[in-house]
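Student: Can you read through this structure? Questions will come right after.
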Amino acid sequence: MTGAVLSALVGHWRRSPLQLITLLAGLALATALWSGVQAINAEARASYDAAASALDEGTLPRITRADGGPIAQDSYVALRRAGWLVSPVIEGRLGEVRLVGIEPLTAPQGSGLPGGVGGADLGAFLSGPGQILARPEVLARLPDTGARLVAAADAAPDLAVTDIGVAQRLLGRPGQIDRLILSGDQPLGRPPLEAVVPGLILTAAQEGADLARLTDSFHLNLTAFGLLSFAVGLFIVHGAIGLAFEQRRAMVRTLRALGVPLRRLIALMALELAVLALVAGLIGVALGYLMAAALMPDVAATLRGLYGAEVSGQLALRPSWWLSGLAIAMGGTAVAAGGALWSLARTPLLGAVHPRDAGMARWRGGQAAAALGLLAIAGVLALWGQGLLAGFAMLAALLIGGALALPPVLALLTGLAQGRATSAFAQWFWADTRLQLPGLSLALMALMLAMAANLGVSTMVSSFRLTFTGFLDQRLAADLYVGATDAAQAEAILAVAATHADAILPALATEGQVAGRPVQIQGARDHATYRDNWQFLRAAPDVWDALARGEGVLVNEQLFRRAGLDLGAPVPLGVGPALPVLGIYGDYGNPVGQVIVTEHRFRALFPEVQALRFGLRVAPDRIDALRDRLRDRAGLPDAAMTDQAAVKAAALSVFERTFTVTTALNVLTLAVAGFAILMSLLTLAAMRLPQLAPVWALGVTRRRLAALDLLRTVVLAALTGALALPLGLALAWALLAVVNVEAFGWRLPMHLFPLDYLRLGGLALLAAALAAAWPAWRLSRIPVAQLLGVFRHER
């Protein structure tokens with residue numbers, strides 16, 4: 001009996017191959033989008049873990065020079081003799097690779113050096129020409145060094161590790177150390193740091209997950225769009241399963257009448273769907289890998305530019321993401337099939353519900369109430385919700401509620417159009433359109449979600465680009481930016497600039513804490529460059545004059561929001577009295593809090609900090625001459641000098657690539673929605689013959705019927721697009737005003753781009769027309785005998 005049931009189930013798919021293709025393709029595409037996002041996230045997380053374990057990266061206390069310069073090797077020896085358990089580290093760029101030199105005999109246990117980066121042979125690491133450990137792709141980018149190259153697959157991206165003596169030789173910095181890292185346990189009674197080597201400062205350890213937490217918002221955004229894409233695909237799967245079960249009602253009734261137990265029938269159907277889900281999941285995971293591999297370089301560039309996080313541009317096949325892809329494919333199929341299986345279990349043996357009546361019952365009544373409930377929840381969360389999870393919960397309620405509201409609204413609109421129609425043929429057209437809504441509703445909801453996501457994300461990206469471009473014009477006002485490697489070179493730069501530049505703007509910065517949060521404290525010279533170009537979100541009267549007198553500080557929006565500051569609020573800087581907030585400025589692209597004081601106040605508070613970077617104001621026609629003098633007299637390489645245009649181009653390139661992934665996901669969801677419409681129309685084609693045959697018999701040609709079918713799809717897509725516009729704008733507002741604030745700490749103004757919306761609407765109509773073209777062409781060429789055959793059946 002079981003074999004006969006399985007044969008009947010398989011026979012259905014043989015007779016309806018389009019339904020099988022729809023089910024497999026929809027689930028595979030949905031799984032591909034989800035697993036691709038998870039593959040990107042898993043690779044980034046692995047890179048963070050490798051960086052945190054391979055080097056100290058802030059996870060251990062460190063000692064550095066107060067002025068930011070290199071530490072002399074004699075200072076390291078003096079600290080070791082005084083009882084300080086420190087280990088030296090030097091780093092620099094060797095070609096395209098970040099080279100780090102360590103001293104493995106003194107490296108603190110738990111720092112991961114050198115065993116954490118590949119288990120180097122200690123003897124070979126220290127003797128002879130030495131060893132350089134790195135990932136294979138990093139080793140390939142190294143110039144000829146004479147050292148032995150050792151592949152370490154678990155090393156951090158873009159990082160090579162070697163002995164400190166080898167690193168000093170390769171970097172041309174003999175006797176220099178960048179920092180000293182400390183072990184957790186230090187002997188008691190050791191002399192103070194200042195007493196041993198003046199001019200050094202100790203920075204406390206930070207938690208190793210800082211980088212991962214800093215990028216959590218980026219990965220949460222990716223995961224959210226991955227789930228949205230999966231939800232769009234799940235609409236296709238739900239529709240395919242629902243139509244398949246509707247068409248199987250007669251077969252199920254026959255099997256049950258022949259004595260097949262209902263439980264066995266349901267179990268076999270569930271097993272059938274599990275096998276299909278597993279096949280589609282495997283295909284989707286493979287497609288997701290290809291998608292992630294194509295997008296990974298852009299993601300790596302984004303994370304490097306926004307957060308300074310080095311992420312491998314290559315992809316590894318990690319069980320965490322491909323198993324999650326298979327799991328979500330199986331779970332999504334179970335969710336999509338749950339309602340159909342429950343309906344089957346409750347259907348009487350002799351029940352003869354018409355498939356269309358069942359479809360109408362699915363979306364009438366409770367669906368409108370559920371949509372209103374979800375939209376109300378979204379409104380409540382928008383007004384009173386707090387935190388990033390509340391923001392994403394609001395987005396989920398908004399999108400799902402909007403999608404569920406689509407079929408009732410379309411039914412209302414088509415009903416109104418039918419009531420206003422004056423001819424019998426027009427009334428039939430709108431009535432038939434309304435009749436098709438249950439079969440097309442899931443595909444149209446998928447199209448609505450795809451369009452809303454495109455509208456929302458494109459509005460956010462365009463608003464971000466417009467605001468950030470203006471922000472760069474304000475903040476990057478200097479004509480040439482230069483950086484020194486030590487104090488002596490900084491003095492040489494100042495000597496040249498004093499006679500050849502119109503103004504010198506030193507970049508004074510140190511780290512501190514405000515309200516328990518790490519911040520960057522900067523000193524700004526009182527100059528027209530800042531007065532003329534900076535704009536504030538909120539500011540006290542005569543803000544620049546008050547700042548020049550040392551009467552307060554400026555804070556960026558991130559610190560203002562996260563620390564709950566306001567104008568006049570006292571800001572303790574760790575030394576000296578707390579200073580009131582004079583102004584709050586936008587600081588887009590920076591996830592860290594920032595405090596600005598005037599230059600003389602900064603030098604009084606932090607006399608040990610010396611500027612190594614400078615912005616120089618100079619006429620554009622004199623920039624090349626100034627470059628030459630800095631190169632000749634201060635020994636500055638070209639890499640240490642950057643003009644304003646280059647800085648802007650580099651910054652904008654990062655933000656252009658930041659949303660490549662989400663844009664790709666949105667394009668894919670729009671394509672998936674078009675595919676859903678195509679499969680739905682193809683599946684409904686045979687079921688619609690009883691409605692079309694009488695109209696054809698009354699004299700309407702097959703070609704005209706096909707044209708009306710094409711027109712119906714375009715009209716429904718246009719109505720869906722019109723309803724998606726307010727949903728997409730609400731999504732954009734939520735992203736800019738809620739999610740962006742919680743994730744990054746700044747709020748962007750929302751701009752509208754009508755031409756972009758018209759272009760997107762045109763693309764959606766084109767996708768719908770292309771999806772409907774094939775079913776319409778098939779209808780225009782359907783055999784007359786097939787139409788006549790309808791009148792020979794009971795239907």
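Residue numbers start at 1 in each chain; chains themselves are named A, B, ... in the order of the structure tokens; ligands are numbered from 1 in the order shown.
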Using only C-alpha atoms, determine which residues lie at most 10 Å from A:Gly339, disregarding the query and same-chain residues fewer than 6 positions distant; provide the list as a ChimeraX atom specification.

Tutor: /A:238,241-242,345,362

Student: Would you pick out the contacts of A:Gly745 at 12 Å or less, using only C-alpha atoms, so that residues sharing its chain but fewer than 4 positions from it are not included, and give the list as a short mmCIF file (atom, residue, chain, number, x, y, z; two decimals) with C-alpha atoms, in the first residue's frame?

Tutor:
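Contents of part28.cif, as written:
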```cif
data_model
loop_
_atom_site.label_atom_id
_atom_site.label_comp_id
_atom_site.auth_asym_id
_atom_site.auth_seq_id
_atom_site.Cartn_x
_atom_site.Cartn_y
_atom_site.Cartn_z
CA LEU A 214 31.70 46.94 16.69
CA SER A 217 25.34 46.10 13.38
CA GLY A 387 17.44 48.75 21.12
CA LEU A 388 18.53 47.25 17.83
CA ASN A 556 29.89 64.00 17.94
CA GLU A 557 26.38 62.63 17.54
CA GLN A 558 27.42 59.14 18.55
CA LEU A 559 28.60 60.25 22.00
CA PHE A 560 25.65 62.62 22.36
CA ARG A 561 23.18 59.76 21.88
CA ARG A 562 24.98 56.93 23.67
CA ALA A 563 26.05 58.92 26.73
CA GLY A 564 22.81 60.92 26.93
CA GLY A 586 27.45 64.88 12.70
CA ASP A 587 30.27 62.38 12.32
CA TYR A 588 29.07 59.92 9.69
CA GLY A 589 31.06 56.76 9.21
CA ASN A 590 32.69 56.85 12.64
CA PRO A 591 31.35 54.31 15.16
CA VAL A 592 33.38 55.77 18.07
CA GLY A 593 32.53 58.69 20.32
CA GLN A 594 34.58 61.83 19.82
CA LEU A 736 17.44 55.89 8.99
CA ALA A 737 15.70 57.05 12.16
CA VAL A 738 15.62 53.87 14.25
CA VAL A 739 17.94 51.08 13.11
CA ASN A 740 20.79 53.36 12.00
CA VAL A 741 20.70 55.27 15.28
#
```

Student: Excluding same-chain residues fewer than 5 positions from A:Gln427, what lies within 10 Å of it counting only C-alpha atoms, as a VMD selection string?

Tutor: chain A and resid 414 to 415 417 to 422 432 to 433

Student: Return the single residue from A:Met291, A:Glu599, A:Leu440, A:Ala431 that is closest to A:Leu678, with distances computed using only C-alpha atoms.

Tutor: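 Of all the options, A:Leu440 lies closest to A:Leu678.
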
Student: Leaving out A:Leu626 and any residue of its chain fewer than 6 positions from it, which residues lie within 12 Å of it when counting only C-alpha atoms, given as a PyMOL selection string?

Tutor: chain A and resi 479-482+493+495-502+616-620+632-634+636+638+641-643

Student: Quick one: residues within 8 Å of A:Ala240, only C-alpha atoms, excluding same-chain residues fewer than 4 positions away - as a ChimeraX atom specification?

Tutor: /A:19-20,22-23,236,244,680

Student: With C-alpha atoms kept, could you save the residues just selected as a PDB file, in the first residue's frame?

Tutor:
```pdb
ATOM      1  CA  GLN A  19       4.978  22.914  -9.806  1.00  0.00           C
ATOM      2  CA  LEU A  20       8.014  20.782  -8.958  1.00  0.00           C
ATOM      3  CA  THR A  22       8.642  26.135  -8.796  1.00  0.00           C
ATOM      4  CA  LEU A  23       8.999  24.400  -5.443  1.00  0.00           C
ATOM      5  CA  ILE A 236       6.936  30.928  -3.617  1.00  0.00           C
ATOM      6  CA  ALA A 244      -0.110  21.108  -5.263  1.00  0.00           C
ATOM      7  CA  SER A 680       2.152  31.010 -10.377  1.00  0.00           C
TER       8      SER A 680
END
```

Student: In Å, how far is it from atom CA of A:Gly325 to atom CA of A:Thr31?

Tutor: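 Interatomic distance, atom CA of A:Gly325 to atom CA of A:Thr31: 5.9 Å.
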
Student: Mind the document's chain letters and residue numbers, and return as a PyMOL selection string the residues of stretch 320-567 of chain A that DSSP labels strand (DSSP E or B).

Tutor: chain A and resi 480-483+503-514+517-524+536-539+553-556

Student: Go ahead and save the residues from that selection, with N, CA, C and O atoms, as a compact mmCIF listing (two decimals), in the first residue's frame.

Tutor:
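Contents of again_10.txt, freshly written:
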```txt
# COMPACT_ATOMS: atom_id res chain seq x y z
N LEU A 480 46.09 69.44 1.68
CA LEU A 480 47.07 68.36 1.67
C LEU A 480 47.19 67.81 3.08
O LEU A 480 47.29 68.55 4.05
N TYR A 481 47.17 66.47 3.18
CA TYR A 481 47.31 65.79 4.47
C TYR A 481 48.61 65.01 4.47
O TYR A 481 48.91 64.26 3.53
N VAL A 482 49.41 65.21 5.54
CA VAL A 482 50.72 64.56 5.63
C VAL A 482 50.84 63.87 6.99
O VAL A 482 50.22 64.29 7.97
N GLY A 483 51.67 62.82 7.03
CA GLY A 483 51.88 62.09 8.27
C GLY A 483 53.35 61.78 8.48
O GLY A 483 54.05 61.39 7.53
N ALA A 503 48.42 77.60 5.98
CA ALA A 503 48.01 77.31 7.35
C ALA A 503 48.37 75.86 7.67
O ALA A 503 48.41 75.00 6.79
N ILE A 504 48.66 75.63 8.95
CA ILE A 504 49.00 74.29 9.44
C ILE A 504 47.95 73.90 10.47
O ILE A 504 47.72 74.63 11.44
N LEU A 505 47.31 72.75 10.26
CA LEU A 505 46.28 72.25 11.17
C LEU A 505 46.74 70.92 11.74
O LEU A 505 46.59 69.87 11.10
N PRO A 506 47.33 70.90 12.93
CA PRO A 506 47.82 69.64 13.50
C PRO A 506 46.67 68.74 13.93
O PRO A 506 45.62 69.22 14.39
N ALA A 507 46.87 67.44 13.78
CA ALA A 507 45.88 66.45 14.22
C ALA A 507 46.33 65.90 15.56
O ALA A 507 47.15 64.99 15.65
N LEU A 508 45.82 66.50 16.64
CA LEU A 508 46.14 66.08 18.00
C LEU A 508 45.04 65.16 18.49
O LEU A 508 43.85 65.51 18.45
N ALA A 509 45.40 63.98 18.95
CA ALA A 509 44.37 63.02 19.37
C ALA A 509 44.94 62.09 20.43
O ALA A 509 46.13 61.75 20.41
N THR A 510 44.09 61.70 21.35
CA THR A 510 44.42 60.69 22.35
C THR A 510 43.14 59.97 22.70
O THR A 510 42.05 60.36 22.28
N GLU A 511 43.27 58.92 23.48
CA GLU A 511 42.11 58.14 23.87
C GLU A 511 41.73 58.45 25.31
O GLU A 511 42.59 58.77 26.15
N GLY A 512 40.44 58.36 25.60
CA GLY A 512 39.95 58.58 26.96
C GLY A 512 38.63 57.89 27.16
O GLY A 512 38.20 57.06 26.34
N GLN A 513 37.93 58.25 28.23
CA GLN A 513 36.63 57.67 28.53
C GLN A 513 35.68 58.76 28.98
O GLN A 513 36.06 59.66 29.73
N VAL A 514 34.43 58.68 28.50
CA VAL A 514 33.37 59.57 28.93
C VAL A 514 32.15 58.72 29.21
O VAL A 514 31.71 57.93 28.35
N ARG A 517 32.49 55.11 28.49
CA ARG A 517 32.62 54.70 27.09
C ARG A 517 33.94 55.20 26.52
O ARG A 517 34.33 56.34 26.77
N PRO A 518 34.64 54.36 25.74
CA PRO A 518 35.89 54.83 25.13
C PRO A 518 35.61 55.90 24.09
O PRO A 518 34.68 55.77 23.28
N VAL A 519 36.38 56.97 24.10
CA VAL A 519 36.21 58.06 23.15
C VAL A 519 37.57 58.50 22.65
O VAL A 519 38.61 58.19 23.24
N GLN A 520 37.55 59.21 21.55
CA GLN A 520 38.75 59.84 21.03
C GLN A 520 38.66 61.33 21.33
O GLN A 520 37.69 62.00 20.98
N ILE A 521 39.70 61.85 22.01
CA ILE A 521 39.75 63.27 22.35
C ILE A 521 40.69 63.95 21.36
O ILE A 521 41.84 63.53 21.21
N GLN A 522 40.20 64.98 20.71
CA GLN A 522 40.98 65.68 19.70
C GLN A 522 41.16 67.15 20.06
O GLN A 522 40.31 67.74 20.74
N GLY A 523 42.26 67.70 19.60
CA GLY A 523 42.51 69.12 19.77
C GLY A 523 42.45 69.81 18.41
O GLY A 523 43.09 69.37 17.47
N ALA A 524 41.68 70.89 18.33
CA ALA A 524 41.51 71.60 17.06
C ALA A 524 42.05 73.02 17.19
O ALA A 524 41.76 73.73 18.16
N PHE A 536 26.73 72.18 12.61
CA PHE A 536 26.33 71.49 13.84
C PHE A 536 24.88 71.04 13.75
O PHE A 536 24.04 71.69 13.13
N LEU A 537 24.61 69.93 14.42
CA LEU A 537 23.22 69.52 14.60
C LEU A 537 22.55 70.41 15.63
O LEU A 537 21.39 70.79 15.49
N ARG A 538 23.30 70.72 16.69
CA ARG A 538 22.83 71.65 17.73
C ARG A 538 24.06 72.35 18.28
O ARG A 538 25.13 71.74 18.41
N ALA A 539 23.93 73.63 18.59
CA ALA A 539 25.10 74.37 19.08
C ALA A 539 24.64 75.55 19.92
O ALA A 539 23.56 76.12 19.72
N VAL A 553 33.49 71.96 25.13
CA VAL A 553 33.93 70.95 24.16
C VAL A 553 32.84 70.76 23.11
O VAL A 553 31.68 71.16 23.30
N LEU A 554 33.23 70.16 22.02
CA LEU A 554 32.30 69.69 21.00
C LEU A 554 32.26 68.17 21.07
O LEU A 554 33.28 67.52 21.32
N VAL A 555 31.08 67.58 20.86
CA VAL A 555 30.96 66.12 20.86
C VAL A 555 30.26 65.69 19.59
O VAL A 555 29.44 66.44 19.03
N ASN A 556 30.58 64.48 19.12
CA ASN A 556 29.89 64.00 17.94
C ASN A 556 28.55 63.38 18.31
O ASN A 556 28.25 63.15 19.50
```

Student: Please return, as a ChimeraX atom specification, all residues of stretch 306-533 of chain A that DSSP assigns to alpha helix (DSSP H) on the basis of the backbone.

Tutor: /A:306-307,319-346,355-363,366-384,388-420,424-475,487-500,528-533
